[in-house]
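protein34.cif (mmCIF, C-alpha atoms)
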```
data_start
loop_
_atom_site.label_atom_id
_atom_site.label_comp_id
_atom_site.auth_asym_id
_atom_site.auth_seq_id
_atom_site.Cartn_x
_atom_site.Cartn_y
_atom_site.Cartn_z
CA VAL A 451 -33.55 0.97 17.08
CA GLN A 452 -32.23 3.88 19.15
CA THR A 453 -32.73 7.36 17.70
CA CYS A 454 -31.53 10.89 18.41
CA ALA A 455 -32.06 14.31 16.78
CA LEU A 456 -29.28 16.86 16.24
CA PRO A 457 -29.30 20.27 14.46
CA ILE A 458 -28.05 19.15 11.02
CA TYR A 459 -28.97 15.47 11.14
CA ASP A 460 -30.92 12.79 12.98
CA TYR A 461 -29.47 9.37 13.60
CA ALA A 462 -30.55 5.87 14.43
CA VAL A 463 -28.46 2.93 15.65
CA THR A 464 -29.78 -0.48 14.67
CA VAL A 465 -28.93 -3.91 13.25
CA ILE A 466 -29.83 -5.00 9.72
CA PRO A 467 -30.35 -8.62 8.61
CA GLY A 468 -27.58 -9.76 6.30
CA GLU A 469 -30.13 -11.07 3.81
CA ALA A 470 -31.68 -7.57 3.56
CA LEU A 471 -28.32 -6.03 2.63
CA ARG A 472 -27.59 -8.83 0.16
CA PHE A 473 -30.96 -8.24 -1.52
CA LEU A 474 -30.42 -4.47 -1.71
CA TYR A 475 -27.05 -4.94 -3.41
CA GLU A 476 -28.49 -7.51 -5.82
CA LYS A 477 -31.27 -5.08 -6.78
CA TYR A 478 -29.39 -1.78 -6.89
CA GLY A 479 -25.72 -2.75 -7.22
CA ALA A 480 -23.23 0.12 -7.37
CA ARG A 481 -26.09 2.66 -7.18
CA LEU A 482 -26.40 1.76 -3.50
CA LEU A 483 -22.77 2.83 -3.01
CA GLU A 484 -22.74 6.02 -5.11
CA ALA A 485 -21.86 8.10 -2.04
CA ASN A 486 -19.20 5.57 -1.04
CA VAL A 487 -15.56 6.39 -1.76
CA ARG A 488 -14.91 2.89 -3.18
CA SER A 489 -16.66 0.12 -5.01
CA PHE A 490 -16.06 -3.49 -3.97
CA LEU A 491 -12.32 -4.24 -3.85
CA SER A 492 -12.83 -8.00 -4.49
CA VAL A 493 -12.01 -10.83 -2.08
CA THR A 494 -8.28 -10.63 -2.76
CA GLY A 495 -7.76 -8.18 0.12
CA LYS A 496 -7.15 -9.48 3.63
CA VAL A 497 -10.22 -7.80 5.16
CA ASN A 498 -12.67 -8.96 2.49
CA LYS A 499 -11.29 -12.50 2.57
CA GLY A 500 -11.97 -12.47 6.32
CA ILE A 501 -15.55 -11.30 5.78
CA GLN A 502 -16.19 -14.13 3.33
CA LYS A 503 -14.62 -16.70 5.62
CA THR A 504 -16.77 -15.60 8.57
CA LEU A 505 -19.94 -15.79 6.46
CA ARG A 506 -19.06 -19.34 5.36
CA THR A 507 -17.80 -20.79 8.64
CA ASP A 508 -19.16 -18.68 11.53
CA PRO A 509 -22.10 -16.59 10.26
CA GLU A 510 -23.59 -16.23 13.73
CA LYS A 511 -20.39 -14.46 14.86
CA PHE A 512 -20.57 -11.88 12.07
CA MET A 513 -22.21 -9.28 14.32
CA ALA A 514 -19.38 -9.57 16.85
CA TYR A 515 -16.59 -9.39 14.29
CA ASN A 516 -17.86 -6.69 11.93
CA ASN A 517 -17.48 -2.96 12.53
CA GLY A 518 -20.82 -2.30 10.88
CA ILE A 519 -21.98 0.08 8.19
CA VAL A 520 -22.94 3.74 7.96
CA ILE A 521 -25.97 4.77 5.92
CA VAL A 522 -27.10 8.27 4.99
CA ALA A 523 -30.69 8.91 3.95
CA ASP A 524 -33.04 11.78 3.23
CA GLU A 525 -35.95 10.43 5.25
CA VAL A 526 -36.75 7.52 7.56
CA GLY A 527 -40.02 5.87 8.50
CA LEU A 528 -40.31 4.26 11.94
CA CYS A 529 -42.89 1.82 13.22
CA GLN A 530 -43.56 -0.03 16.48
CA SER A 531 -42.88 -3.78 16.43
CA GLN A 532 -43.07 -6.45 19.10
CA THR A 533 -39.44 -5.84 19.99
CA GLY A 534 -39.68 -2.02 20.02
CA PRO A 535 -39.12 0.77 17.47
CA SER A 536 -38.16 -0.50 14.02
CA ILE A 537 -37.24 1.06 10.70
CA GLN A 538 -40.02 0.62 8.16
CA TRP A 539 -38.47 2.42 5.18
CA LEU A 540 -35.63 4.69 4.11
CA LYS A 541 -35.76 7.26 1.32
CA GLY A 542 -32.63 8.20 -0.66
CA MET A 543 -30.40 5.80 1.25
CA GLN A 544 -26.71 5.45 0.44
CA ILE A 545 -24.07 3.31 2.13
CA VAL A 546 -21.12 5.66 2.73
CA ASN A 547 -19.13 3.24 4.87
CA GLY A 548 -19.51 -0.51 4.67
CA GLY A 549 -19.56 -1.07 0.93
CA GLN A 550 -17.09 -3.93 1.36
CA THR A 551 -19.35 -5.63 3.92
CA THR A 552 -22.47 -5.20 1.78
CA ALA A 553 -20.88 -6.39 -1.45
CA SER A 554 -19.18 -9.29 0.34
CA LEU A 555 -22.59 -10.57 1.43
CA TYR A 556 -23.79 -10.51 -2.18
CA PHE A 557 -20.69 -12.03 -3.81
CA THR A 558 -20.29 -14.72 -1.14
CA MET A 559 -23.88 -15.88 -1.68
CA LYS A 560 -23.41 -15.71 -5.45
CA LYS A 561 -20.33 -17.93 -5.30
CA TYR A 562 -21.46 -20.16 -2.41
CA PRO A 563 -25.29 -20.31 -2.56
CA GLU A 564 -25.31 -23.03 0.10
CA VAL A 565 -24.18 -20.54 2.77
CA ASP A 566 -26.90 -19.75 5.34
CA ILE A 567 -26.90 -16.05 6.28
CA SER A 568 -30.29 -16.09 7.97
CA HIS A 569 -28.60 -15.47 11.33
CA VAL A 570 -26.23 -12.78 10.07
CA ARG A 571 -26.84 -9.35 11.56
CA VAL A 572 -24.91 -6.21 10.64
CA PRO A 573 -24.62 -3.26 13.05
CA ALA A 574 -25.68 -0.04 11.37
CA LYS A 575 -25.59 3.68 12.06
CA ILE A 576 -28.13 5.61 10.00
CA VAL A 577 -27.70 9.34 9.49
CA ILE A 578 -30.77 11.27 8.32
CA LEU A 579 -29.61 14.48 6.63
CA LYS A 580 -31.53 17.62 7.55
CA SER A 581 -29.50 20.42 5.97
CA ASP A 582 -30.80 22.27 2.89
CA ASP A 583 -27.20 23.16 1.94
CA GLU A 584 -25.91 20.62 -0.61
CA THR A 585 -22.31 21.68 -0.02
CA GLN A 586 -22.66 21.13 3.71
CA GLU A 587 -24.18 17.69 3.07
CA GLU A 588 -21.35 16.77 0.66
CA GLU A 589 -18.73 17.77 3.23
CA LEU A 590 -20.52 15.80 5.95
CA ILE A 591 -20.66 12.67 3.78
CA SER A 592 -16.97 13.06 2.88
CA ASP A 593 -16.04 13.41 6.56
CA ILE A 594 -18.11 10.34 7.47
CA SER A 595 -16.19 8.35 4.86
CA LYS A 596 -12.88 9.74 6.11
CA TYR A 597 -13.36 9.14 9.82
CA ALA A 598 -15.58 6.07 9.88
CA ASN A 599 -13.69 3.96 7.37
CA SER A 600 -10.79 2.18 8.99
CA GLN A 601 -11.01 -1.32 7.48
CA ASN A 602 -9.41 -0.42 4.13
CA VAL A 603 -7.12 2.59 3.75
CA VAL A 604 -8.89 5.65 2.34
CA LYS A 605 -6.74 7.68 -0.03
CA VAL A 606 -7.02 11.38 -0.84
CA SER A 607 -8.37 10.48 -4.29
CA ASP A 608 -11.07 8.26 -2.75
CA LEU A 609 -12.47 11.16 -0.76
CA ALA A 610 -13.01 13.18 -3.94
CA ALA A 611 -15.07 10.46 -5.62
CA ASN A 612 -18.36 12.32 -5.19
CA LYS A 613 -17.23 15.71 -6.46
CA ALA A 614 -19.42 16.98 -9.31
CA PHE A 615 -16.49 16.99 -11.75
CA HIS A 616 -15.83 13.26 -11.32
CA VAL A 617 -19.51 12.33 -11.34
CA SER A 618 -19.88 14.19 -14.66
CA ILE A 619 -16.85 12.45 -16.19
CA GLU A 620 -18.28 9.09 -15.13
CA LYS A 621 -21.64 9.87 -16.75
CA LEU A 622 -19.91 10.95 -19.96
CA ALA A 623 -17.83 7.77 -20.00
CA LEU A 624 -20.96 5.65 -19.64
CA SER A 625 -22.81 7.44 -22.45
CA THR A 626 -20.03 8.25 -24.96
CA TYR A 627 -19.04 5.50 -27.38
CA CYS A 628 -15.90 5.47 -29.48
CA PRO A 629 -16.19 6.16 -33.23
CA ASP A 630 -16.58 2.39 -33.86
CA GLY A 631 -19.97 2.63 -32.11
CA THR A 632 -19.42 -0.43 -29.90
CA SER A 633 -16.55 0.25 -27.49
CA ARG A 634 -16.07 2.92 -24.84
CA TRP A 635 -13.73 4.07 -22.13
CA PHE A 636 -14.38 3.38 -18.44
CA TYR A 637 -13.93 6.05 -15.77
CA GLU A 638 -13.30 4.41 -12.42
CA ARG A 639 -14.74 7.14 -10.19
CA ALA A 640 -15.03 4.73 -7.25
CA THR A 641 -12.00 2.52 -6.74
CA GLY A 642 -12.71 -1.04 -7.85
CA SER A 643 -15.86 -0.21 -9.85
CA TYR A 644 -14.41 -1.71 -13.06
CA ASN A 645 -14.09 -5.15 -11.49
CA VAL A 646 -17.54 -4.79 -9.94
CA MET A 647 -18.97 -4.05 -13.38
CA LEU A 648 -17.33 -7.19 -14.78
CA ALA A 649 -18.53 -9.30 -11.85
CA ARG A 650 -22.12 -8.03 -11.93
CA GLU A 651 -22.70 -7.84 -15.67
CA GLY A 652 -20.37 -10.62 -16.82
CA THR A 653 -22.64 -13.36 -15.50
CA THR A 654 -21.49 -15.89 -18.13
CA PRO A 655 -18.09 -16.44 -19.74
CA ALA A 656 -19.46 -15.10 -23.04
CA ARG A 657 -20.87 -11.93 -21.46
CA ARG A 658 -17.65 -11.33 -19.54
CA ARG A 659 -15.63 -11.77 -22.72
CA ASN A 660 -17.89 -9.34 -24.60
CA LEU A 661 -17.60 -6.81 -21.78
CA LYS A 662 -13.82 -7.00 -21.84
CA GLU A 663 -13.88 -6.47 -25.60
CA SER A 664 -16.22 -3.46 -25.49
CA VAL A 665 -14.72 -1.95 -22.31
CA PRO A 666 -11.15 -3.30 -22.15
CA SER A 667 -8.99 -2.70 -19.10
CA SER A 668 -6.60 -0.76 -21.35
CA ARG A 669 -9.35 1.88 -21.59
CA LYS A 670 -9.94 2.12 -17.86
CA ILE A 671 -9.01 5.46 -16.32
CA SER A 672 -8.84 6.07 -12.57
CA LYS A 673 -9.14 9.50 -10.93
CA THR A 674 -5.38 9.65 -10.35
CA ASP A 675 -4.77 8.62 -13.97
CA LEU A 676 -7.01 11.44 -15.16
CA ALA A 677 -5.16 14.00 -13.04
CA LYS A 678 -1.85 12.71 -14.41
CA TYR A 679 -2.96 12.94 -18.05
CA ILE A 680 -4.43 16.43 -17.66
CA ASN A 681 -1.57 17.91 -15.63
CA ALA A 682 1.02 16.52 -18.04
CA TRP A 683 -0.83 18.04 -21.00
CA GLN A 684 -1.20 21.33 -19.12
CA GLN A 685 2.60 21.41 -18.87
CA LYS A 686 2.91 20.57 -15.19
CA PRO A 687 5.26 17.56 -15.30
CA HIS A 688 6.81 18.60 -11.98
CA LEU A 689 3.43 17.99 -10.31
CA VAL A 690 2.99 14.62 -12.05
CA SER A 691 6.46 13.68 -10.76
CA LEU A 692 5.25 14.17 -7.16
CA GLY A 693 3.38 10.85 -7.39
CA SER A 694 -0.24 9.91 -8.00
CA GLN A 695 -1.83 11.05 -4.72
CA LYS A 696 0.06 14.36 -4.35
CA ASN A 697 -0.49 15.18 -8.02
CA PHE A 698 -4.19 14.41 -7.63
CA GLN A 699 -4.40 16.68 -4.59
CA LYS A 700 -2.80 19.52 -6.57
CA PHE A 701 -5.17 18.83 -9.46
CA MET A 702 -8.22 19.09 -7.19
CA GLU A 703 -6.88 22.27 -5.57
CA ASP A 704 -6.48 23.85 -9.02
CA LEU A 705 -9.96 22.68 -9.98
CA ALA A 706 -11.46 24.29 -6.88
CA THR A 707 -9.57 27.52 -7.51
CA ASN A 708 -10.73 27.79 -11.11
CA GLU A 709 -14.43 27.15 -10.59
CA ASP A 710 -17.28 28.95 -8.88
CA ARG A 711 -18.10 26.77 -5.90
CA ASP A 712 -21.83 27.56 -6.10
CA ASN A 713 -22.04 27.11 -9.88
CA PRO A 714 -19.28 24.78 -11.12
CA VAL A 715 -18.67 24.48 -14.85
CA LEU A 716 -19.08 20.78 -15.50
CA PRO A 717 -17.32 18.83 -18.29
CA ASP A 718 -19.21 18.42 -21.55
CA ASN A 719 -18.89 15.88 -24.36
CA LYS A 720 -16.27 17.93 -26.23
CA TYR A 721 -14.10 18.26 -23.11
CA TYR A 722 -14.47 14.54 -22.41
CA LYS A 723 -13.24 13.57 -25.89
CA GLN A 724 -10.28 15.94 -25.52
CA ILE A 725 -9.14 14.40 -22.24
CA ILE A 726 -9.49 10.92 -23.73
CA ALA A 727 -7.21 12.12 -26.55
CA GLN A 728 -4.77 13.33 -23.88
CA ALA A 729 -5.03 9.91 -22.21
CA ILE A 730 -4.20 8.24 -25.54
CA ILE A 731 -1.15 10.51 -25.92
CA PHE A 732 0.09 9.75 -22.39
CA LYS A 733 -0.55 5.98 -22.57
CA THR A 734 1.11 5.76 -26.00
CA THR A 735 4.11 7.69 -24.69
CA GLN A 736 4.34 5.19 -21.83
CA ARG A 737 4.48 2.27 -24.25
CA LEU A 738 7.11 3.97 -26.40
CA VAL A 739 9.35 5.26 -23.58
CA ARG A 740 9.51 2.27 -21.25
CA PRO A 741 11.71 0.11 -23.54
CA LEU A 742 14.07 3.03 -24.21
CA PHE A 743 15.34 3.76 -20.69
CA LYS A 744 16.28 1.66 -17.68
CA ALA A 745 15.52 4.28 -15.03
CA PHE A 746 13.29 7.30 -14.29
CA GLN A 747 10.84 6.32 -17.00
CA ALA A 748 7.89 8.00 -15.25
CA ASN A 749 9.69 11.34 -15.23
CA VAL A 750 10.72 11.09 -18.87
CA ILE A 751 7.13 10.20 -19.84
CA ALA A 752 5.57 13.14 -17.97
CA TYR A 753 8.15 15.62 -19.29
CA THR A 754 7.90 14.32 -22.86
CA VAL A 755 4.09 14.71 -22.88
CA SER A 756 4.42 18.23 -21.46
CA LEU A 757 7.06 19.09 -24.06
CA LEU A 758 4.79 17.80 -26.84
CA ALA A 759 2.02 20.05 -25.51
CA PHE A 760 4.44 22.98 -25.29
CA LEU A 761 5.88 22.61 -28.80
CA LEU A 762 2.87 21.31 -30.73
CA GLY A 763 -0.14 21.71 -28.44
CA ASN A 764 -1.65 24.66 -30.27
CA ARG A 765 -1.39 22.83 -33.62
CA LEU A 766 -2.32 19.31 -32.54
CA ASP A 767 -5.90 18.30 -33.40
CA LEU A 768 -7.16 16.27 -30.44
CA ASP A 769 -10.39 15.46 -32.29
CA LYS A 770 -8.38 13.51 -34.89
CA ILE A 771 -6.80 11.48 -32.09
CA TRP A 772 -10.23 10.78 -30.58
CA ASN A 773 -11.61 9.72 -33.96
CA LYS A 774 -8.69 7.38 -34.66
CA GLN A 775 -8.26 6.23 -31.02
CA ASP A 776 -4.55 6.05 -31.75
CA LEU A 777 -1.56 8.13 -32.82
CA SER A 778 -0.06 8.16 -36.29
CA PRO A 779 3.32 6.48 -36.89
CA GLN A 780 4.80 9.95 -37.53
CA LEU A 781 3.63 11.31 -34.16
CA LYS A 782 4.90 8.20 -32.40
CA GLN A 783 8.27 8.68 -34.08
CA GLN A 784 8.32 12.31 -32.95
CA ILE A 785 7.58 11.29 -29.36
CA GLU A 786 10.49 8.83 -29.37
CA ILE A 787 12.88 11.48 -30.72
CA TRP A 788 11.94 14.09 -28.16
CA ALA A 789 11.83 11.54 -25.32
CA LYS A 790 15.52 10.75 -25.91
CA GLU A 791 16.36 14.46 -25.92
CA VAL A 792 14.31 15.04 -22.74
CA ASP A 793 16.16 12.20 -21.01
CA SER A 794 19.51 13.76 -21.93
CA ILE A 795 18.45 17.18 -20.64
CA LEU A 796 17.10 15.76 -17.37
CA ASN A 797 20.41 13.98 -16.78
CA ALA A 798 22.54 16.97 -17.77
CA SER A 799 20.57 19.46 -15.66
CA SER A 800 20.20 17.40 -12.50
CA GLY A 801 23.60 18.48 -11.14
CA GLY A 802 24.20 15.13 -9.52
CA LYS A 803 20.77 15.06 -7.85
CA MET A 804 18.50 12.07 -8.13
CA ILE A 805 16.50 12.75 -11.31
CA SER A 806 13.24 11.67 -9.69
CA GLU A 807 13.74 14.41 -7.05
CA TRP A 808 15.00 17.04 -9.51
CA ALA A 809 11.94 16.39 -11.71
CA LYS A 810 9.62 17.50 -8.88
CA LYS A 811 10.93 21.07 -9.05
CA PRO A 812 9.25 23.76 -11.19
CA GLU A 813 12.77 24.87 -12.08
CA CYS A 814 13.35 21.51 -13.76
CA TRP A 815 10.45 22.07 -16.16
CA GLU A 816 11.72 25.57 -16.90
CA VAL A 817 15.10 24.15 -17.88
CA VAL A 818 13.51 21.42 -20.02
CA TYR A 819 11.11 23.54 -22.05
CA LYS A 820 13.74 26.24 -22.67
CA ALA A 821 16.26 23.74 -24.03
CA PRO A 822 16.83 23.39 -27.81
CA TYR A 823 15.18 20.46 -29.59
CA SER A 824 15.28 19.00 -33.06
CA SER A 825 12.63 20.29 -35.45
CA SER A 826 9.32 18.46 -35.56
CA ILE A 827 8.47 16.07 -38.35
CA GLU A 828 6.49 18.02 -40.95
CA ASP A 829 4.01 15.40 -42.17
CA ILE A 830 2.38 14.55 -38.81
CA PRO A 831 -1.30 13.96 -39.76
CA GLU A 832 -2.62 15.23 -36.42
CA LEU A 833 -1.19 18.70 -37.01
CA CYS A 834 -3.59 21.41 -38.16
CA SER A 835 -2.61 22.97 -41.46
#
```

Could you write out this structure as structure tokens?
Amino acid sequence: VQTCALPIYDYAVTVIPGEALRFLYEKYGARLLEANVRSFLSVTGKVNKGIQKTLRTDPEKFMAYNNGIVIVADEVGLCQSQTGPSIQWLKGMQIVNGGQTTASLYFTMKKYPEVDISHVRVPAKIVILKSDDETQEEELISDISKYANSQNVVKVSDLAANKAFHVSIEKLALSTYCPDGTSRWFYERATGSYNVMLAREGTTPARRRNLKESVPSSRKISKTDLAKYINAWQQKPHLVSLGSQKNFQKFMEDLATNEDRDNPVLPDNKYYKQIIAQAIIFKTTQRLVRPLFKAFQANVIAYTVSLLAFLLGNRLDLDKIWNKQDLSPQLKQQIEIWAKEVDSILNASSGGKMISEWAKKPECWEVVYKAPYSSSIEDIPELCS
């Protein structure tokens, strides 16, 4: 172990036995990676396949091939061993870079228990946080993830994984069951966490099947999905049309503008149920619109949801949608009618421009919501009287 002290953090450079990391992941799972921007991305990716192959065929070369991991911790305990200074314990440790390496050790041994990783060593940089400013610590951890992670591409949405808003939504998703009392939605705060949940908890075919029934993939929402559903319902289809990452960036910028940085207003159970209702509206609109048009479906979907919010938003009871976990046939029929009219207006107003580019303009939304539409169906059950 080599150590050094700096004003806002101390650090140590060391190597960690592969078996120690495998054990930590087995015991703590995704909790160990809560400050990481991603959960395990499975062995389907090129990098993670390579990690597994090295562990199975050349474990002694792992140290030479692997870039290592980065750990943050609140405190560290050092002791003197025969080989020099050693780490005795870590308090509040989190792996902020190297989640793929750590999880690969666990899943490789789970699938191939005959593999010998006793000679595997993983280079590690350990950062001991010293600042009393939580915001400063959060920014430091985010920057570590951004600059240290080069094995798998880090997206803008990944870097926001540890923001209080997303942590709160994740907690609500874990604790809030649907009206049937058995199923729930899954908020994928860290990319890949849904598959990790299935892999860790679905230890038998029966358990995996039950998990998929209670938390189906159709009820999985990523951070970029959430931003898309909310911005569409808030009548910002031009932002949704920018694409998932740019829309998410705009969403986070708006979130930061609208909250007190030192005392953020966090989502509550009522807010959570409302955004799930908005997700149901958006996902249902997707299913209805896709068969209707050959091109620019994403733009028609976003604009149709925004139009629905504009024309009926004040009268639509989102609690009824949450309770039913579906839309009525009448509301679905209304969505189809207005989607066809939105498509016609987008085409007519584009002036020869590519609709996908025209849809990114605020002016496009202004044209769409000011256009005339057929009257809404009167007996829509979700409408407040």

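Protein, DNA and RNA residues at most 8 Å from (-27.2, -17.8, 8.5), with only C-alpha atoms, are these: Leu505, Pro509, Glu510, Val565, Asp566, Ile567, Ser568, His569 and Val570 of chain A.
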
Care to translate the PyMOL selection byres ((chain A and resi 823-826) around 10) into actual residues of this file, as a PDB file with C-alpha atoms, keeping the file's coordinate frame?
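For reference, expr31.pdb as written:
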```
ATOM      1  CA  LEU A 757       7.060  19.090 -24.060  1.00  0.00           C
ATOM      2  CA  LEU A 758       4.790  17.800 -26.840  1.00  0.00           C
ATOM      3  CA  LEU A 761       5.880  22.610 -28.800  1.00  0.00           C
ATOM      4  CA  LEU A 762       2.870  21.310 -30.730  1.00  0.00           C
ATOM      5  CA  GLN A 780       4.800   9.950 -37.530  1.00  0.00           C
ATOM      6  CA  LEU A 781       3.630  11.310 -34.160  1.00  0.00           C
ATOM      7  CA  GLN A 783       8.270   8.680 -34.080  1.00  0.00           C
ATOM      8  CA  GLN A 784       8.320  12.310 -32.950  1.00  0.00           C
ATOM      9  CA  ILE A 785       7.580  11.290 -29.360  1.00  0.00           C
ATOM     10  CA  ILE A 787      12.880  11.480 -30.720  1.00  0.00           C
ATOM     11  CA  TRP A 788      11.940  14.090 -28.160  1.00  0.00           C
ATOM     12  CA  GLU A 791      16.360  14.460 -25.920  1.00  0.00           C
ATOM     13  CA  VAL A 792      14.310  15.040 -22.740  1.00  0.00           C
ATOM     14  CA  VAL A 818      13.510  21.420 -20.020  1.00  0.00           C
ATOM     15  CA  TYR A 819      11.110  23.540 -22.050  1.00  0.00           C
ATOM     16  CA  LYS A 820      13.740  26.240 -22.670  1.00  0.00           C
ATOM     17  CA  ALA A 821      16.260  23.740 -24.030  1.00  0.00           C
ATOM     18  CA  PRO A 822      16.830  23.390 -27.810  1.00  0.00           C
ATOM     19  CA  ILE A 827       8.470  16.070 -38.350  1.00  0.00           C
ATOM     20  CA  GLU A 828       6.490  18.020 -40.950  1.00  0.00           C
ATOM     21  CA  ASP A 829       4.010  15.400 -42.170  1.00  0.00           C
ATOM     22  CA  ILE A 830       2.380  14.550 -38.810  1.00  0.00           C
TER      23      ILE A 830
END
```

Pull out every residue that the PyMOL selection byres ((chain A and resi 767) around 9) matches in the shown coordinates and put them as a PyMOL selection string.
chain A and resi 763-766+768-771+831-834

Suppose we keep C-alpha atoms; can you now write the selection as a PDB file, in the coordinates of the input?
```pdb
ATOM      1  CA  GLY A 763      -0.140  21.710 -28.440  1.00  0.00           C
ATOM      2  CA  ASN A 764      -1.650  24.660 -30.270  1.00  0.00           C
ATOM      3  CA  ARG A 765      -1.390  22.830 -33.620  1.00  0.00           C
ATOM      4  CA  LEU A 766      -2.320  19.310 -32.540  1.00  0.00           C
ATOM      5  CA  LEU A 768      -7.160  16.270 -30.440  1.00  0.00           C
ATOM      6  CA  ASP A 769     -10.390  15.460 -32.290  1.00  0.00           C
ATOM      7  CA  LYS A 770      -8.380  13.510 -34.890  1.00  0.00           C
ATOM      8  CA  ILE A 771      -6.800  11.480 -32.090  1.00  0.00           C
ATOM      9  CA  PRO A 831      -1.300  13.960 -39.760  1.00  0.00           C
ATOM     10  CA  GLU A 832      -2.620  15.230 -36.420  1.00  0.00           C
ATOM     11  CA  LEU A 833      -1.190  18.700 -37.010  1.00  0.00           C
ATOM     12  CA  CYS A 834      -3.590  21.410 -38.160  1.00  0.00           C
TER      13      CYS A 834
END
```

If we count all atoms listed in the file, what is near stretch 516-523 of chain A at a cut-off of 8 Å, once residues fewer than 3 positions away on the same chain are taken out, given as an NGL selection string?
:A and (512-513 or 526 or 540-549 or 551 or 572-579 or 591 or 598)

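Checking A:Arg571, A:Ser694, A:Gln685, A:Tyr461 one by one against A:Lys511, counting all atoms listed in the file, you find the shortest gap at A:Arg571.
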
Compile the contact shell of A:Leu661 as a ChimeraX atom specification: residues with an atom at most 9 Å away, counting all atoms listed in the file, same-chain residues fewer than 2 positions apart removed.
/A:647-648,651-652,656-659,663-666

Residues near A:Glu587, anyone? I mean within 12 Å using all atoms listed in the file, not counting same-chain ones fewer than 3 positions away, as a PyMOL selection string.
chain A and resi 458-459+485+522-524+577-584+590-594+612-613

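What separates atom CA of A:Glu638 from atom CA of A:His688 is a distance of 24.6 Å.
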
Neighbour residues at most 8 Å from (-38.0, 5.9, 13.7) (only C-alpha atoms) as a PDB file with C-alpha atoms, keeping the file's coordinate frame:
```pdb
ATOM      1  CA  VAL A 451     -33.550   0.970  17.080  1.00  0.00           C
ATOM      2  CA  THR A 453     -32.730   7.360  17.700  1.00  0.00           C
ATOM      3  CA  ALA A 462     -30.550   5.870  14.430  1.00  0.00           C
ATOM      4  CA  VAL A 526     -36.750   7.520   7.560  1.00  0.00           C
ATOM      5  CA  GLY A 527     -40.020   5.870   8.500  1.00  0.00           C
ATOM      6  CA  LEU A 528     -40.310   4.260  11.940  1.00  0.00           C
ATOM      7  CA  CYS A 529     -42.890   1.820  13.220  1.00  0.00           C
ATOM      8  CA  PRO A 535     -39.120   0.770  17.470  1.00  0.00           C
ATOM      9  CA  SER A 536     -38.160  -0.500  14.020  1.00  0.00           C
ATOM     10  CA  ILE A 537     -37.240   1.060  10.700  1.00  0.00           C
ATOM     11  CA  GLN A 538     -40.020   0.620   8.160  1.00  0.00           C
TER      12      GLN A 538
END
```

Excluding A:Tyr475 and its own-chain neighbours fewer than 5 positions away, which residues fall within 12 Å of it when counting only C-alpha atoms? Please give them as a PyMOL selection string.
chain A and resi 468-470+480-484+489-490+544-545+548-557+559-560+646+650

Stretch 768-780 of chain A: axis-aligned bounding box, 4 Å on each side, centre and edge lengths in Å, one decimal, as AutoDock Vina command-line options:
```
--center_x -3.4 --center_y 11.2 --center_z -34.0 --size_x 24.4 --size_y 18.2 --size_z 15.1
```
